[in-house]
file final-v2.cif (mmCIF, C-alpha atoms)
data_upload
#
loop_
_atom_site.label_atom_id
_atom_site.label_comp_id
_atom_site.auth_asym_id
_atom_site.auth_seq_id
_atom_site.Cartn_x
_atom_site.Cartn_y
_atom_site.Cartn_z
CA MET A 130 -19.64 10.58 -14.96
CA LYS A 131 -19.37 7.26 -13.24
CA ILE A 132 -16.59 6.43 -10.77
CA GLY A 133 -15.82 2.82 -9.81
CA VAL A 134 -15.29 2.06 -6.12
CA ILE A 135 -13.22 -1.12 -5.92
CA ARG A 136 -14.18 -3.71 -3.31
CA PHE A 137 -12.07 -6.58 -2.00
CA PRO A 138 -12.95 -8.89 0.88
CA GLY A 139 -11.99 -6.71 3.87
CA THR A 140 -12.47 -3.30 2.20
CA ASN A 141 -14.31 -1.13 4.72
CA CYS A 142 -14.25 2.49 3.52
CA ASP A 143 -16.19 1.80 0.31
CA ARG A 144 -19.48 3.34 1.41
CA ASP A 145 -17.82 6.47 2.82
CA VAL A 146 -15.97 6.89 -0.48
CA ALA A 147 -19.16 6.38 -2.53
CA ARG A 148 -20.89 9.05 -0.44
CA ALA A 149 -18.00 11.48 -0.95
CA ILE A 150 -18.16 10.87 -4.72
CA GLU A 151 -21.91 11.59 -4.67
CA LEU A 152 -21.35 14.75 -2.61
CA VAL A 153 -19.38 16.26 -5.50
CA GLY A 154 -22.16 15.35 -7.92
CA LEU A 155 -20.75 12.18 -9.47
CA GLU A 156 -22.17 8.68 -9.69
CA ALA A 157 -20.42 5.95 -7.70
CA GLU A 158 -20.67 2.26 -8.47
CA TYR A 159 -19.15 -0.60 -6.48
CA VAL A 160 -16.83 -2.91 -8.41
CA TRP A 161 -15.98 -6.41 -7.12
CA TRP A 162 -12.35 -7.57 -7.34
CA SER A 163 -13.09 -10.29 -9.90
CA ARG A 164 -14.02 -7.82 -12.64
CA ASP A 165 -11.22 -7.06 -15.09
CA ASP A 166 -13.01 -4.72 -17.51
CA LEU A 167 -13.44 -1.19 -16.13
CA THR A 168 -14.04 0.61 -19.43
CA ASP A 169 -17.47 1.77 -18.15
CA TYR A 170 -15.80 4.07 -15.62
CA ASP A 171 -14.34 7.56 -15.88
CA GLY A 172 -12.01 6.86 -12.97
CA VAL A 173 -11.71 4.60 -9.94
CA VAL A 174 -11.06 4.85 -6.22
CA ILE A 175 -9.43 2.00 -4.31
CA PRO A 176 -10.79 2.62 -0.80
CA GLY A 177 -9.22 1.82 2.53
CA GLY A 178 -9.73 -1.19 4.75
CA PHE A 179 -7.91 -4.46 5.28
CA SER A 180 -8.15 -6.33 1.99
CA TYR A 181 -7.61 -10.05 2.54
CA GLY A 182 -6.93 -9.36 6.22
CA ASP A 183 -3.59 -7.70 5.32
CA TYR A 184 -2.20 -11.25 5.01
CA LEU A 185 1.42 -11.46 3.84
CA ARG A 186 1.64 -7.63 3.54
CA ALA A 187 -0.99 -4.91 3.34
CA GLY A 188 -2.22 -4.96 -0.26
CA ALA A 189 -0.23 -8.02 -1.36
CA MET A 190 -3.16 -10.34 -2.10
CA ALA A 191 -5.23 -7.61 -3.74
CA SER A 192 -2.32 -6.82 -6.06
CA ILE A 193 -2.77 -10.02 -8.06
CA THR A 194 -6.56 -9.93 -8.56
CA PRO A 195 -8.25 -9.45 -11.98
CA VAL A 196 -9.46 -5.93 -11.14
CA ILE A 197 -5.81 -4.78 -11.09
CA ASP A 198 -5.59 -5.56 -14.83
CA GLY A 199 -8.67 -3.37 -15.30
CA ILE A 200 -7.08 -0.55 -13.29
CA LYS A 201 -3.85 -0.77 -15.31
CA ALA A 202 -5.86 -0.61 -18.55
CA LEU A 203 -7.69 2.46 -17.24
CA VAL A 204 -4.38 4.15 -16.46
CA LYS A 205 -3.29 3.55 -20.08
CA GLU A 206 -6.45 5.38 -21.16
CA GLU A 207 -5.31 8.29 -18.94
CA LYS A 208 -8.23 8.01 -16.52
CA PRO A 209 -7.60 9.14 -12.91
CA VAL A 210 -7.02 6.56 -10.16
CA LEU A 211 -7.04 7.41 -6.44
CA GLY A 212 -5.86 4.90 -3.83
CA ILE A 213 -6.67 5.73 -0.21
CA CYS A 214 -4.96 4.01 2.75
CA ASN A 215 -5.15 0.29 1.89
CA GLY A 216 -5.76 1.49 -1.68
CA ALA A 217 -2.47 3.41 -1.51
CA GLN A 218 -0.68 0.32 -0.21
CA ILE A 219 -2.12 -1.65 -3.15
CA LEU A 220 -0.95 0.99 -5.68
CA GLY A 221 2.55 0.68 -4.17
CA GLU A 222 2.44 -3.12 -4.35
CA ILE A 223 1.52 -3.11 -8.05
CA GLY A 224 4.13 -0.47 -8.82
CA LEU A 225 1.75 2.14 -10.24
CA VAL A 226 3.28 4.60 -7.78
CA PRO A 227 6.86 4.54 -6.48
CA GLY A 228 7.72 3.26 -3.01
CA VAL A 229 5.82 1.31 -0.37
CA PHE A 230 3.83 2.01 2.80
CA ILE A 231 5.14 -0.19 5.62
CA THR A 232 4.81 -0.64 9.40
CA ASN A 233 4.85 2.66 11.30
CA GLU A 234 8.04 3.58 13.11
CA ASN A 235 6.08 3.28 16.34
CA PRO A 236 4.06 0.22 15.37
CA LYS A 237 0.72 1.29 16.76
CA PHE A 238 -2.49 1.92 14.86
CA ASN A 239 -2.44 5.65 14.37
CA CYS A 240 -5.93 7.19 14.12
CA GLU A 241 -5.97 10.98 14.37
CA TRP A 242 -6.50 14.26 12.55
CA VAL A 243 -3.37 15.62 10.93
CA ASP A 244 -2.33 18.77 9.11
CA LEU A 245 -0.93 18.09 5.66
CA LYS A 246 1.05 20.23 3.27
CA VAL A 247 -0.02 20.07 -0.38
CA SER A 248 3.33 19.69 -2.11
CA ASN A 249 2.06 19.22 -5.64
CA THR A 250 -0.98 20.60 -7.46
CA ARG A 251 -0.47 18.94 -10.83
CA THR A 252 -2.59 15.87 -9.96
CA PRO A 253 -6.35 16.06 -10.67
CA PHE A 254 -6.95 15.40 -6.96
CA THR A 255 -4.95 18.38 -5.72
CA LYS A 256 -5.51 20.82 -8.60
CA ASP A 257 -8.02 22.86 -6.56
CA PHE A 258 -5.51 23.50 -3.76
CA LYS A 259 -2.69 26.02 -3.69
CA LYS A 260 0.85 24.64 -3.55
CA GLY A 261 2.01 24.71 0.07
CA GLN A 262 -1.56 24.98 1.40
CA THR A 263 -2.35 23.23 4.69
CA VAL A 264 -5.28 20.78 4.71
CA LYS A 265 -6.81 18.94 7.65
CA ILE A 266 -7.59 15.25 7.01
CA PRO A 267 -7.48 12.22 9.35
CA ILE A 268 -5.14 9.24 9.10
CA ALA A 269 -5.97 5.71 10.35
CA HIS A 270 -3.26 3.12 9.78
CA ALA A 271 -0.56 0.94 11.32
CA GLU A 272 1.29 0.47 8.02
CA GLY A 273 1.66 3.90 6.51
CA ARG A 274 5.36 4.69 6.76
CA PHE A 275 6.42 5.74 3.29
CA TYR A 276 9.71 4.30 2.04
CA THR A 277 11.35 4.50 -1.36
CA GLU A 278 14.77 3.47 -2.62
CA ASP A 279 15.24 6.64 -4.66
CA ILE A 280 13.91 9.76 -2.98
CA ASP A 281 15.83 12.08 -5.35
CA LEU A 282 14.08 10.63 -8.39
CA LEU A 283 10.75 11.31 -6.69
CA LYS A 284 11.71 14.93 -6.12
CA ASP A 285 13.13 15.37 -9.63
CA GLN A 286 9.91 14.06 -11.15
CA ASP A 287 7.65 16.08 -8.84
CA GLN A 288 5.87 13.00 -7.49
CA ILE A 289 5.47 14.03 -3.84
CA VAL A 290 1.81 15.05 -3.35
CA LEU A 291 1.22 15.42 0.41
CA GLN A 292 3.56 15.68 3.40
CA PHE A 293 2.81 15.72 7.11
CA LYS A 294 3.14 19.25 8.45
CA ASP A 295 4.99 20.08 11.70
CA ARG A 296 5.31 16.46 12.86
CA ASN A 297 5.76 13.05 11.28
CA PRO A 298 3.37 10.62 13.06
CA ASN A 299 4.56 7.38 11.41
CA GLY A 300 8.21 8.00 10.53
CA SER A 301 7.64 8.35 6.78
CA MET A 302 10.63 9.28 4.65
CA GLU A 303 10.64 13.10 4.43
CA ALA A 304 7.17 13.02 6.07
CA ILE A 305 5.68 11.94 2.72
CA THR A 306 2.17 10.50 2.94
CA SER A 307 1.01 10.74 -0.67
CA VAL A 308 2.78 10.18 -3.98
CA CYS A 309 1.71 10.04 -7.61
CA ASP A 310 2.93 8.38 -10.79
CA GLU A 311 4.91 10.37 -13.37
CA SER A 312 1.74 11.58 -15.10
CA GLY A 313 0.04 12.63 -11.84
CA LEU A 314 -3.13 10.74 -12.78
CA VAL A 315 -2.48 7.91 -10.32
CA CYS A 316 -2.35 9.11 -6.76
CA ALA A 317 -1.78 7.09 -3.58
CA MET A 318 -2.53 8.72 -0.22
CA MET A 319 -2.60 7.34 3.32
CA PRO A 320 -4.92 10.04 4.79
CA HIS A 321 -8.68 9.55 4.37
CA PRO A 322 -10.24 12.45 2.41
CA GLU A 323 -13.65 10.72 2.50
CA ARG A 324 -13.65 11.27 6.27
CA ALA A 325 -13.23 15.02 5.79
CA CYS A 326 -16.06 15.86 3.38
CA GLU A 327 -18.75 17.34 5.64
CA GLU A 328 -18.71 20.06 8.32
CA ILE A 329 -20.20 17.64 10.84
CA LEU A 330 -17.10 15.46 10.46
CA GLY A 331 -14.79 18.34 11.33
CA SER A 332 -13.41 19.32 7.91
CA THR A 333 -14.42 19.60 4.27
CA ASP A 334 -10.84 19.67 2.97
CA GLY A 335 -11.29 16.16 1.53
CA LEU A 336 -13.91 17.20 -1.04
CA ASN A 337 -11.36 18.60 -3.50
CA PHE A 338 -9.77 15.17 -3.90
CA PHE A 339 -13.06 13.79 -5.23
CA LYS A 340 -13.65 16.90 -7.36
CA GLY A 341 -10.53 15.70 -9.15
CA PHE A 342 -12.71 13.29 -11.12
CA LEU A 343 -14.80 16.14 -12.55
CA MET B 143 8.72 -36.65 -6.19
CA LEU B 144 7.50 -34.54 -3.28
CA PHE B 145 9.57 -31.53 -2.27
CA ASP B 146 9.41 -29.58 0.97
CA ILE B 147 9.78 -25.88 0.25
CA GLU B 148 10.78 -23.25 2.74
CA VAL B 149 10.87 -19.53 1.92
CA LYS B 150 12.54 -17.23 4.47
CA ILE B 151 11.60 -13.59 4.03
CA SER B 152 13.52 -10.85 5.81
CA LEU B 153 13.76 -7.08 5.57
CA LYS B 154 16.77 -5.81 3.59
CA SER B 155 19.68 -4.85 5.82
CA GLY B 156 19.45 -1.32 7.15
CA MET B 157 15.66 -1.29 6.94
CA LEU B 158 13.90 -0.20 10.11
CA ASN B 159 12.13 -3.19 11.73
CA PRO B 160 9.71 -1.81 14.35
CA GLU B 161 8.57 -5.32 15.36
CA ALA B 162 12.14 -6.39 16.14
CA THR B 163 12.82 -3.15 18.02
CA THR B 164 9.72 -3.69 20.16
CA ILE B 165 10.68 -7.31 20.90
CA GLU B 166 14.16 -6.19 21.92
CA ARG B 167 12.73 -3.52 24.21
CA SER B 168 10.37 -6.05 25.82
CA LEU B 169 13.19 -8.54 26.36
CA ASP B 170 15.06 -5.73 28.07
CA LEU B 171 12.05 -5.24 30.39
CA LEU B 172 12.46 -8.88 31.39
CA GLY B 173 16.11 -8.24 32.16
CA TYR B 174 17.66 -9.84 29.04
CA GLU B 175 20.33 -7.87 27.23
CA VAL B 176 20.07 -8.72 23.55
CA LYS B 177 21.12 -6.84 20.43
CA ASN B 178 20.67 -6.94 16.64
CA THR B 179 17.17 -8.46 16.96
CA LYS B 180 15.63 -9.38 13.62
CA THR B 181 12.37 -11.01 12.62
CA VAL B 182 12.06 -13.43 9.71
CA GLU B 183 8.91 -14.72 8.10
CA ILE B 184 8.93 -18.38 7.03
CA ILE B 185 6.45 -19.80 4.54
CA LYS B 186 6.40 -23.58 4.08
CA PHE B 187 4.61 -25.67 1.50
CA GLN B 188 5.06 -28.77 -0.63
CA MET B 189 5.28 -29.23 -4.38
CA GLU B 190 5.26 -32.27 -6.66
CA GLY B 191 7.90 -32.35 -9.39
CA GLU B 192 10.84 -34.19 -10.92
CA ASP B 193 13.49 -31.51 -11.19
CA ARG B 194 14.67 -29.58 -8.14
CA GLU B 195 15.90 -26.65 -10.26
CA VAL B 196 12.55 -26.29 -12.03
CA ILE B 197 10.83 -26.21 -8.64
CA ARG B 198 13.29 -23.59 -7.40
CA GLU B 199 12.68 -21.40 -10.46
CA ASN B 200 8.95 -21.61 -9.78
CA VAL B 201 9.45 -20.56 -6.16
CA VAL B 202 11.67 -17.63 -7.21
CA ASP B 203 8.81 -16.56 -9.48
CA MET B 204 6.35 -16.80 -6.55
CA CYS B 205 8.65 -14.63 -4.41
CA GLU B 206 8.96 -11.96 -7.10
CA ARG B 207 5.26 -11.91 -7.90
CA LEU B 208 3.57 -12.29 -4.52
CA LEU B 209 5.44 -13.59 -1.49
CA CYS B 210 7.95 -10.70 -1.24
CA ASN B 211 8.13 -7.05 -2.11
CA PRO B 212 11.50 -6.60 -3.82
CA VAL B 213 11.66 -2.97 -2.65
CA ILE B 214 12.03 -4.00 1.00
CA HIS B 215 12.64 -7.76 1.18
CA ASN B 216 15.38 -10.35 0.74
CA TYR B 217 14.45 -14.01 0.51
CA LYS B 218 16.10 -17.40 0.80
CA ILE B 219 14.65 -20.56 -0.67
CA ASN B 220 15.19 -24.14 0.47
CA VAL B 221 13.97 -26.97 -1.76
CA ILE B 222 14.34 -30.34 -0.04
CA PRO B 223 13.24 -33.65 -1.60
CA GLN B 224 11.05 -35.33 1.00
CA ASN B 225 13.05 -38.55 1.14
CA MET B 226 16.06 -36.46 2.20
CA ALA B 227 14.21 -34.59 4.89
CA CYS B 228 14.32 -37.61 7.21
CA GLY B 229 17.99 -38.32 6.53
CA LYS B 230 17.75 -41.22 4.07
#
call {"tool": "encode", "arguments": {"input": "final-v2.cif", "output": "structure tokens"}}
result
Amino acid sequence: MKIGVIRFPGTNCDRDVARAIELVGLEAEYVWWSRDDLTDYDGVVIPGGFSYGDYLRAGAMASITPVIDGIKALVKEEKPVLGICNGAQILGEIGLVPGVFITNENPKFNCEWVDLKVSNTRTPFTKDFKKGQTVKIPIAHAEGRFYTEDIDLLKDQDQIVLQFKDRNPNGSMEAITSVCDESGLVCAMMPHPERACEEILGSTDGLNFFKGFL
Amino acid sequence: MLFDIEVKISLKSGMLNPEATTIERSLDLLGYEVKNTKTVEIIKFQMEGEDREVIRENVVDMCERLLCNPVIHNYKINVIPQNMACGK
């Protein structure tokens, strides 16, 4: 199985993500933003970074590139899509997941390990966790505060995937830091699972997210 | 005809604006008492065209598709023919 790792100018977690994909026994291939046909891939990851320097808004410029058409086509084929950090912001911008990730309540760049509650195990990326389980994964963002106009709809449709546990480091609505689309196949998360895939990094809780492509 | 375009982008009312809050707090450090601080982003550019309304429709389209995120933003558009900009 081959997983596409999308690259924009300013993406910087692409190699970490490719390594995490390889750690779970899958093939990773980098995909440049100008490519609009992704039919070769069994799923894609939009990694973190600062695509187009976060100009205008985080993810705004990336949202109108040809590769987005490819990602939308892949979603129609029911292939899994994972957006991490800047990738999550991009998924919000293009409306594949509800809500947006905007400037933190305390507008500093927040880089730290956090405990997360798995609120939903129906996505491929969280299917190997138990509902309510605590996982340890780092965050690294200044624009990660989740906001949506209709929080009740999100709850009714079971689209909340991860929530900060015990404390809310960026002021996200209901401490939400990951949401999915209605199907669960498209998942946007601010924490970086690729940074929690080896014991030497301090946690292996991130591996299950990449096993979601298996 | 050349038109000067100005797009003013602001957060919808009631939205938390951490940048504005920080500015207000810093002004307070300098001894200024201000309230209701807001920040607005202004994007300016020029467009060639004949019809002001057609230009405006184009700019609305730009706002909806790229310049703003309708979930969090309001926007105001000014389309000014260049020969009016200097008061003629």
call {"tool": "resolve_selection", "arguments": {"input": "final-v2.cif", "expression": "the PyMOL selection byres ((chain A) within 12 of (chain B))", "output": "PyMOL selection string"}}
result
chain A and resi 184-194+218-219+221-224+227-237+271-272+274-279+299-302
call {"tool": "residues_around", "arguments": {"input": "final-v2.cif", "residues": "Glu148 in chain B", "least_positions_apart": "4", "cutoff": "6 Å", "atoms": "all atoms listed in the file", "output": "PyMOL selection string"}}
result
chain B and resi 185-186+219-220
call {"tool": "residues_around", "arguments": {"input": "final-v2.cif", "residues": "Phe339 in chain A", "least_positions_apart": "4", "cutoff": "8 Å", "atoms": "all atoms listed in the file", "output": "short mmCIF file (atom, residue, chain, number, x, y, z; two decimals) with C-alpha atoms, in the coordinates of the input"}}
result
data_model
loop_
_atom_site.label_atom_id
_atom_site.label_comp_id
_atom_site.auth_asym_id
_atom_site.auth_seq_id
_atom_site.Cartn_x
_atom_site.Cartn_y
_atom_site.Cartn_z
CA ALA A 149 -18.00 11.48 -0.95
CA ILE A 150 -18.16 10.87 -4.72
CA VAL A 153 -19.38 16.26 -5.50
CA PHE A 254 -6.95 15.40 -6.96
CA GLY A 335 -11.29 16.16 1.53
CA LEU A 343 -14.80 16.14 -12.55
#
call {"tool": "atom_distance", "arguments": {"input": "final-v2.cif", "atom1": "CA of Cys326 in chain A", "atom2": "CA of Leu225 in chain A"}}
result
26.3 Å
call {"tool": "residues_near_point", "arguments": {"input": "final-v2.cif", "point": "(-11.5, 20.8, 7.9)", "cutoff": "12 Å", "atoms": "all atoms listed in the file", "output": "PyMOL selection string"}}
result
chain A and resi 242-245+263-267+322-337
call {"tool": "residues_around", "arguments": {"input": "final-v2.cif", "residues": "range 196-203 of chain B", "least_positions_apart": "6", "cutoff": "9 Å", "atoms": "only C-alpha atoms", "output": "list in words"}}
result
Phe145, Ile147, Val149, Met189, Glu190, Tyr217, Ile219, Asn220 and Val221 of chain B
call {"tool": "closest_residue", "arguments": {"input": "final-v2.cif", "among": "A:Tyr181, A:Ser163, A:Leu211, A:Leu220", "to": "Val134 in chain A", "atoms": "only C-alpha atoms"}}
result
A:Leu211
call {"tool": "residues_around", "arguments": {"input": "final-v2.cif", "residues": "Lys177 in chain B", "least_positions_apart": "2", "cutoff": "10 Å", "atoms": "only C-alpha atoms", "output": "list in words"}}
result
Ala162, Thr163, Glu166, Arg167, Asp170, Tyr174, Glu175, Thr179 and Lys180 of chain B
call {"tool": "atom_distance", "arguments": {"input": "final-v2.cif", "atom1": "CA of Gly313 in chain A", "atom2": "CA of Asn215 in chain A"}}
result
19.2 Å
call {"tool": "closest_residue", "arguments": {"input": "final-v2.cif", "among": "B:Ser168, B:Ser152, B:Gln188, B:Thr181", "to": "Lys218 in chain B", "atoms": "only C-alpha atoms"}}
result
B:Ser152
call {"tool": "resolve_selection", "arguments": {"input": "final-v2.cif", "expression": "the PyMOL selection byres ((chain A and resi 172) around 8)", "output": "JSON, numbers by chain"}}
result
{"A": [131, 132, 133, 170, 171, 173, 174, 203, 208, 209, 210, 342]}
call {"tool": "residues_around", "arguments": {"input": "final-v2.cif", "residues": "Met318 in chain A", "least_positions_apart": "2", "cutoff": "7 Å", "atoms": "only C-alpha atoms", "output": "VMD selection string"}}
result
chain A and resid 212 to 214 217 306 to 308 316 320
call {"tool": "build_atoms", "arguments": {"input": "final-v2.cif", "residues": "range 202-226 of chain B", "atoms": "N, CA and C atoms", "output": "tab-separated table (two decimals), in the frame of the given file"}}
result
chain	number	residue	atom	x	y	z
B	202	VAL	N	11.11	-18.97	-7.00
B	202	VAL	CA	11.67	-17.63	-7.21
B	202	VAL	C	10.59	-16.73	-7.82
B	203	ASP	N	9.90	-17.27	-8.81
B	203	ASP	CA	8.81	-16.56	-9.48
B	203	ASP	C	7.73	-16.15	-8.47
B	204	MET	N	7.37	-17.08	-7.59
B	204	MET	CA	6.35	-16.80	-6.55
B	204	MET	C	6.81	-15.66	-5.66
B	205	CYS	N	8.10	-15.68	-5.30
B	205	CYS	CA	8.65	-14.63	-4.41
B	205	CYS	C	8.57	-13.27	-5.09
B	206	GLU	N	8.94	-13.24	-6.37
B	206	GLU	CA	8.96	-11.96	-7.10
B	206	GLU	C	7.56	-11.42	-7.33
B	207	ARG	N	6.61	-12.34	-7.52
B	207	ARG	CA	5.26	-11.91	-7.90
B	207	ARG	C	4.31	-11.70	-6.74
B	208	LEU	N	4.53	-12.40	-5.62
B	208	LEU	CA	3.57	-12.29	-4.52
B	208	LEU	C	4.20	-12.33	-3.12
B	209	LEU	N	5.04	-13.34	-2.88
B	209	LEU	CA	5.44	-13.59	-1.49
B	209	LEU	C	6.30	-12.47	-0.90
B	210	CYS	N	7.07	-11.77	-1.74
B	210	CYS	CA	7.95	-10.70	-1.24
B	210	CYS	C	7.68	-9.41	-2.00
B	211	ASN	N	8.10	-8.32	-1.38
B	211	ASN	CA	8.13	-7.05	-2.11
B	211	ASN	C	9.60	-6.71	-2.32
B	212	PRO	N	10.07	-6.78	-3.56
B	212	PRO	CA	11.50	-6.60	-3.82
B	212	PRO	C	12.06	-5.25	-3.37
B	213	VAL	N	11.18	-4.28	-3.12
B	213	VAL	CA	11.66	-2.97	-2.65
B	213	VAL	C	12.23	-3.08	-1.22
B	214	ILE	N	11.63	-3.96	-0.41
B	214	ILE	CA	12.03	-4.00	1.00
B	214	ILE	C	12.55	-5.36	1.48
B	215	HIS	N	12.34	-6.41	0.68
B	215	HIS	CA	12.64	-7.76	1.18
B	215	HIS	C	13.81	-8.46	0.50
B	216	ASN	N	14.49	-9.31	1.28
B	216	ASN	CA	15.38	-10.35	0.74
B	216	ASN	C	14.71	-11.69	1.01
B	217	TYR	N	15.03	-12.69	0.22
B	217	TYR	CA	14.45	-14.01	0.51
B	217	TYR	C	15.47	-15.11	0.25
B	218	LYS	N	15.28	-16.22	1.00
B	218	LYS	CA	16.10	-17.40	0.80
B	218	LYS	C	15.17	-18.58	0.59
B	219	ILE	N	15.53	-19.44	-0.34
B	219	ILE	CA	14.65	-20.56	-0.67
B	219	ILE	C	15.38	-21.87	-0.39
B	220	ASN	N	14.69	-22.78	0.30
B	220	ASN	CA	15.19	-24.14	0.47
B	220	ASN	C	14.24	-25.11	-0.21
B	221	VAL	N	14.79	-25.94	-1.09
B	221	VAL	CA	13.97	-26.97	-1.76
B	221	VAL	C	14.55	-28.32	-1.37
B	222	ILE	N	13.81	-29.08	-0.58
B	222	ILE	CA	14.34	-30.34	-0.04
B	222	ILE	C	13.45	-31.51	-0.50
B	223	PRO	N	14.04	-32.47	-1.25
B	223	PRO	CA	13.24	-33.65	-1.60
B	223	PRO	C	12.80	-34.36	-0.32
B	224	GLN	N	11.56	-34.83	-0.28
B	224	GLN	CA	11.05	-35.33	1.00
B	224	GLN	C	11.81	-36.53	1.54
B	225	ASN	N	12.32	-37.37	0.64
B	225	ASN	CA	13.05	-38.55	1.14
B	225	ASN	C	14.39	-38.19	1.76
B	226	MET	N	14.83	-36.92	1.56
B	226	MET	CA	16.06	-36.46	2.20
B	226	MET	C	15.78	-35.81	3.55
